[in-house]
Each structure stands twice: as C-alpha cells, then as structure tokens.
$ cat start.cif   # mmCIF, C-alpha atoms, pLDDT in the B column; chains and numbers go by the auth columns
data_structure
loop_
_atom_site.group_PDB
_atom_site.id
_atom_site.type_symbol
_atom_site.label_atom_id
_atom_site.label_comp_id
_atom_site.label_asym_id
_atom_site.label_seq_id
_atom_site.Cartn_x
_atom_site.Cartn_y
_atom_site.Cartn_z
_atom_site.B_iso_or_equiv
_atom_site.auth_seq_id
_atom_site.auth_asym_id
ATOM 1 C CA MET A 1 -88.617 40.694 -176.065 46.00 1 A
ATOM 2 C CA GLY A 2 -86.562 39.933 -179.119 55.00 2 A
ATOM 3 C CA GLU A 3 -82.860 39.367 -179.306 70.00 3 A
ATOM 4 C CA GLY A 4 -80.564 42.273 -178.723 86.00 4 A
ATOM 5 C CA VAL A 5 -78.162 43.983 -176.376 93.00 5 A
ATOM 6 C CA GLU A 6 -79.439 46.680 -174.028 95.00 6 A
ATOM 7 C CA VAL A 7 -77.860 50.068 -174.696 95.00 7 A
ATOM 8 C CA THR A 8 -76.302 51.552 -171.560 95.00 8 A
ATOM 9 C CA ASP A 9 -73.825 54.090 -172.973 94.00 9 A
ATOM 10 C CA GLN A 10 -75.081 57.499 -171.818 95.00 10 A
ATOM 11 C CA GLU A 11 -74.087 59.373 -175.000 94.00 11 A
ATOM 12 C CA LYS A 12 -75.788 56.787 -177.203 94.00 12 A
ATOM 13 C CA LEU A 13 -78.870 56.824 -174.950 96.00 13 A
ATOM 14 C CA MET A 14 -79.131 60.603 -175.276 95.00 14 A
ATOM 15 C CA LEU A 15 -79.190 60.247 -179.066 94.00 15 A
ATOM 16 C CA LEU A 16 -81.701 57.395 -178.890 96.00 16 A
ATOM 17 C CA TYR A 17 -84.085 59.356 -176.644 97.00 17 A
ATOM 18 C CA GLU A 18 -83.939 62.259 -179.134 95.00 18 A
ATOM 19 C CA ARG A 19 -84.507 59.920 -182.073 95.00 19 A
ATOM 20 C CA PHE A 20 -87.389 58.216 -180.256 96.00 20 A
ATOM 21 C CA ARG A 21 -88.982 61.619 -179.584 96.00 21 A
ATOM 22 C CA ASP A 22 -88.567 62.676 -183.222 95.00 22 A
ATOM 23 C CA VAL A 23 -89.985 59.437 -184.626 95.00 23 A
ATOM 24 C CA CYS A 24 -92.988 59.514 -182.284 95.00 24 A
ATOM 25 C CA TRP A 25 -93.595 63.183 -183.131 94.00 25 A
ATOM 26 C CA VAL A 26 -93.423 62.686 -186.902 94.00 26 A
ATOM 27 C CA GLU A 27 -95.442 59.464 -186.921 93.00 27 A
ATOM 28 C CA LYS A 28 -97.913 60.707 -184.245 94.00 28 A
ATOM 29 C CA GLU A 29 -97.744 57.409 -182.354 94.00 29 A
ATOM 30 C CA VAL A 30 -95.394 55.549 -180.011 95.00 30 A
ATOM 31 C CA TRP A 31 -92.946 53.472 -182.057 93.00 31 A
ATOM 32 C CA LYS A 32 -91.436 50.213 -180.805 93.00 32 A
ATOM 33 C CA GLU A 33 -88.583 50.144 -183.312 90.00 33 A
ATOM 34 C CA ILE A 34 -86.317 52.970 -184.414 89.00 34 A
ATOM 35 C CA PHE A 35 -83.394 53.256 -186.789 88.00 35 A
ATOM 36 C CA MET A 36 -80.144 55.190 -186.386 83.00 36 A
ATOM 37 C CA PRO A 37 -77.280 55.668 -188.848 76.00 37 A
ATOM 38 C CA ARG A 38 -74.625 53.045 -188.243 71.00 38 A
ATOM 39 C CA GLU A 39 -71.528 54.301 -186.480 66.00 39 A
ATOM 40 C CA MET A 40 -68.496 54.185 -188.720 60.00 40 A
ATOM 41 C CA THR A 41 -64.931 54.492 -187.547 63.00 41 A
ATOM 42 C CA GLY A 42 -63.050 56.184 -190.368 63.00 42 A
ATOM 43 C CA GLY A 43 -63.303 55.813 -194.086 63.00 43 A
ATOM 44 C CA PRO A 44 -66.298 56.491 -196.304 65.00 44 A
ATOM 45 C CA VAL A 45 -69.709 56.414 -194.663 60.00 45 A
ATOM 46 C CA ARG A 46 -72.627 54.635 -196.330 61.00 46 A
ATOM 47 C CA THR A 47 -75.732 56.602 -195.445 61.00 47 A
ATOM 48 C CA ASN A 48 -78.114 53.767 -196.303 65.00 48 A
ATOM 49 C CA VAL A 49 -76.748 51.450 -193.587 72.00 49 A
ATOM 50 C CA GLN A 50 -78.678 51.745 -190.333 84.00 50 A
ATOM 51 C CA GLU A 51 -78.777 50.063 -186.959 89.00 51 A
ATOM 52 C CA ARG A 52 -82.141 48.916 -185.607 92.00 52 A
ATOM 53 C CA TYR A 53 -83.188 49.381 -182.005 94.00 53 A
ATOM 54 C CA GLU A 54 -86.132 47.846 -180.225 96.00 54 A
ATOM 55 C CA VAL A 55 -87.839 50.164 -177.745 96.00 55 A
ATOM 56 C CA LYS A 56 -89.291 48.676 -174.566 96.00 56 A
ATOM 57 C CA ILE A 57 -91.394 50.775 -172.196 96.00 57 A
ATOM 58 C CA SER A 58 -91.643 48.978 -168.855 94.00 58 A
ATOM 59 C CA ASP A 59 -94.931 50.527 -167.707 94.00 59 A
ATOM 60 C CA PRO A 60 -98.096 50.790 -169.850 94.00 60 A
ATOM 61 C CA THR A 61 -99.121 54.021 -168.077 96.00 61 A
ATOM 62 C CA ILE A 62 -95.889 55.659 -169.241 96.00 62 A
ATOM 63 C CA GLU A 63 -96.569 54.554 -172.801 96.00 63 A
ATOM 64 C CA GLN A 64 -100.021 56.139 -172.510 96.00 64 A
ATOM 65 C CA ALA A 65 -98.484 59.357 -171.135 96.00 65 A
ATOM 66 C CA ILE A 66 -96.124 59.515 -174.116 96.00 66 A
ATOM 67 C CA GLU A 67 -99.011 58.840 -176.507 96.00 67 A
ATOM 68 C CA THR A 68 -101.106 61.597 -174.899 96.00 68 A
ATOM 69 C CA ASN A 69 -98.294 64.170 -175.030 96.00 69 A
ATOM 70 C CA ILE A 70 -97.756 63.748 -178.770 96.00 70 A
ATOM 71 C CA ALA A 71 -100.761 66.018 -179.297 95.00 71 A
ATOM 72 C CA TYR A 72 -99.177 68.797 -177.190 96.00 72 A
ATOM 73 C CA GLY A 73 -96.098 69.232 -179.332 95.00 73 A
ATOM 74 C CA VAL A 74 -92.493 68.170 -179.534 95.00 74 A
ATOM 75 C CA ALA A 75 -91.446 70.037 -176.358 97.00 75 A
ATOM 76 C CA ALA A 76 -94.111 68.303 -174.236 97.00 76 A
ATOM 77 C CA LEU A 77 -93.238 64.979 -175.822 96.00 77 A
ATOM 78 C CA GLY A 78 -89.540 65.495 -175.089 96.00 78 A
ATOM 79 C CA ALA A 79 -90.313 66.453 -171.486 97.00 79 A
ATOM 80 C CA VAL A 80 -92.389 63.336 -170.791 97.00 80 A
ATOM 81 C CA ILE A 81 -89.725 61.115 -172.380 97.00 81 A
ATOM 82 C CA GLN A 82 -87.026 62.748 -170.240 97.00 82 A
ATOM 83 C CA GLU A 83 -89.156 62.406 -167.115 97.00 83 A
ATOM 84 C CA HIS A 84 -89.663 58.672 -167.681 97.00 84 A
ATOM 85 C CA ARG A 85 -86.385 57.763 -169.387 95.00 85 A
ATOM 86 C CA ALA A 86 -85.569 55.185 -166.687 95.00 86 A
ATOM 87 C CA HIS A 87 -88.566 53.171 -167.954 96.00 87 A
ATOM 88 C CA ILE A 88 -87.660 53.465 -171.660 97.00 88 A
ATOM 89 C CA LEU A 89 -85.095 50.877 -172.709 97.00 89 A
ATOM 90 C CA PHE A 90 -83.349 50.419 -176.045 97.00 90 A
ATOM 91 C CA PHE A 91 -82.046 47.118 -177.361 96.00 91 A
ATOM 92 C CA LYS A 92 -79.733 47.048 -180.373 94.00 92 A
ATOM 93 C CA LYS A 93 -80.921 44.396 -182.772 91.00 93 A
ATOM 94 C CA PRO A 94 -78.333 42.138 -184.425 85.00 94 A
ATOM 95 C CA SER A 95 -77.323 43.141 -187.946 71.00 95 A
#

$ encode --input "start.cif" --output "structure tokens"
Amino acid sequence: MGEGVEVTDQEKLMLLYERFRDVCWVEKEVWKEIFMPREMTGGPVRTNVQERYEVKISDPTIEQAIETNIAYGVAALGAVIQEHRAHILFFKKPS
C-alpha cells in the first residue's frame, strides 16, 4: 500500500464509489487508481487540477465479482460495488 490517508467522510465516499463505478465501466476493468476534481473553497476553479486516490479491495473474490459484473452493465456494477463497499477502501494520495 502506498502513502495516503484513508477517506472516511461519507459524502466523499459516496462520490468516490460512483467515480470508481464509472471508471471501471468505461475502462471495462477494475481500476486501482482514480482521479477526482480537486475541491476548491471559493475563487476560480482550475479544472485541470485533480486529486488522486488509490483503491484497495480487501478481498480478491470481491475484486473478481466486480470484474465479472462489468459485463452486465452499469446498474449491475453499481449494485455489486454498493454490496461490497465495506471492502473497497480509498486512500487520497499526497499532491
């Protein structure tokens, strides 16, 4: 596991699970790193600045279940991610 801080904020996790689902769906494979737009607090927002997150799946059988469900569509993929979200961890990588 690389450096990084585990994300525990429930709102941020909800967004990360959605982003993880979308990236896996588009790329047709389970991704171990995802990018999200950097949160800005006021002022102009640079759209090319992103935060990197490492994805860790604690059980190889869950990773296989996610991989298998990619073929069944985005709804099935989202359902399996939601079902196993306790085993899918996100770590924010240092900038």

$ atom_distance --input "start.cif" --atom1 "CA of Val23 in chain A" --atom2 "CA of Glu67 in chain A"
12.2 Å

$ closest_residue --input "start.cif" --among "A:Lys92, A:His84, A:Lys12, A:Arg21" --to "Glu54 in chain A" --atoms "only C-alpha atoms"
A:Lys92

$ atom_distance --input "start.cif" --atom1 "CA of Tyr17 in chain A" --atom2 "CA of Arg38 in chain A"
16.2 Å

$ resolve_selection --input "start.cif" --expression "the PyMOL selection byres ((chain A and resi 68-83) around 8)" --output "list in words"
Tyr17, Glu18, Arg21, Asp22, Cys24, Trp25, Lys28, Glu29, Gln64, Ala65, Ile66, Glu67, His84, Arg85 and Ile88 of chain A

$ atom_distance --input "start.cif" --atom1 "CA of Arg19 in chain A" --atom2 "CA of Ser95 in chain A"
19.2 Å

$ resolve_selection --input "start.cif" --expression "the PyMOL selection byres ((chain A and resi 32-35) around 6)" --output "PyMOL selection string"
chain A and resi 31+36+51-55

$ resolve_selection --input "start.cif" --expression "the PyMOL selection byres ((chain A and resi 4-6) around 9)" --output "JSON, numbers by chain"
{"A": [1, 2, 3, 7, 8, 53, 54, 89, 90, 91, 92, 93, 94]}

$ write_last_selection --input "start.cif" --atoms "C-alpha atoms" --output "PDB file, in the coordinates of the input"
ATOM      1  CA  MET A   1     -88.617  40.694-176.065  1.00 46.00           C
ATOM      2  CA  GLY A   2     -86.562  39.933-179.119  1.00 55.00           C
ATOM      3  CA  GLU A   3     -82.860  39.367-179.306  1.00 70.00           C
ATOM      4  CA  VAL A   7     -77.860  50.068-174.696  1.00 95.00           C
ATOM      5  CA  THR A   8     -76.302  51.552-171.560  1.00 95.00           C
ATOM      6  CA  TYR A  53     -83.188  49.381-182.005  1.00 94.00           C
ATOM      7  CA  GLU A  54     -86.132  47.846-180.225  1.00 96.00           C
ATOM      8  CA  LEU A  89     -85.095  50.877-172.709  1.00 97.00           C
ATOM      9  CA  PHE A  90     -83.349  50.419-176.045  1.00 97.00           C
ATOM     10  CA  PHE A  91     -82.046  47.118-177.361  1.00 96.00           C
ATOM     11  CA  LYS A  92     -79.733  47.048-180.373  1.00 94.00           C
ATOM     12  CA  LYS A  93     -80.921  44.396-182.772  1.00 91.00           C
ATOM     13  CA  PRO A  94     -78.333  42.138-184.425  1.00 85.00           C
TER      14      PRO A  94
END

$ closest_residue --input "start.cif" --among "A:Met14, A:Phe20, A:Val30, A:Pro37" --to "Pro60 in chain A" --atoms "all atoms listed in the file"
A:Val30
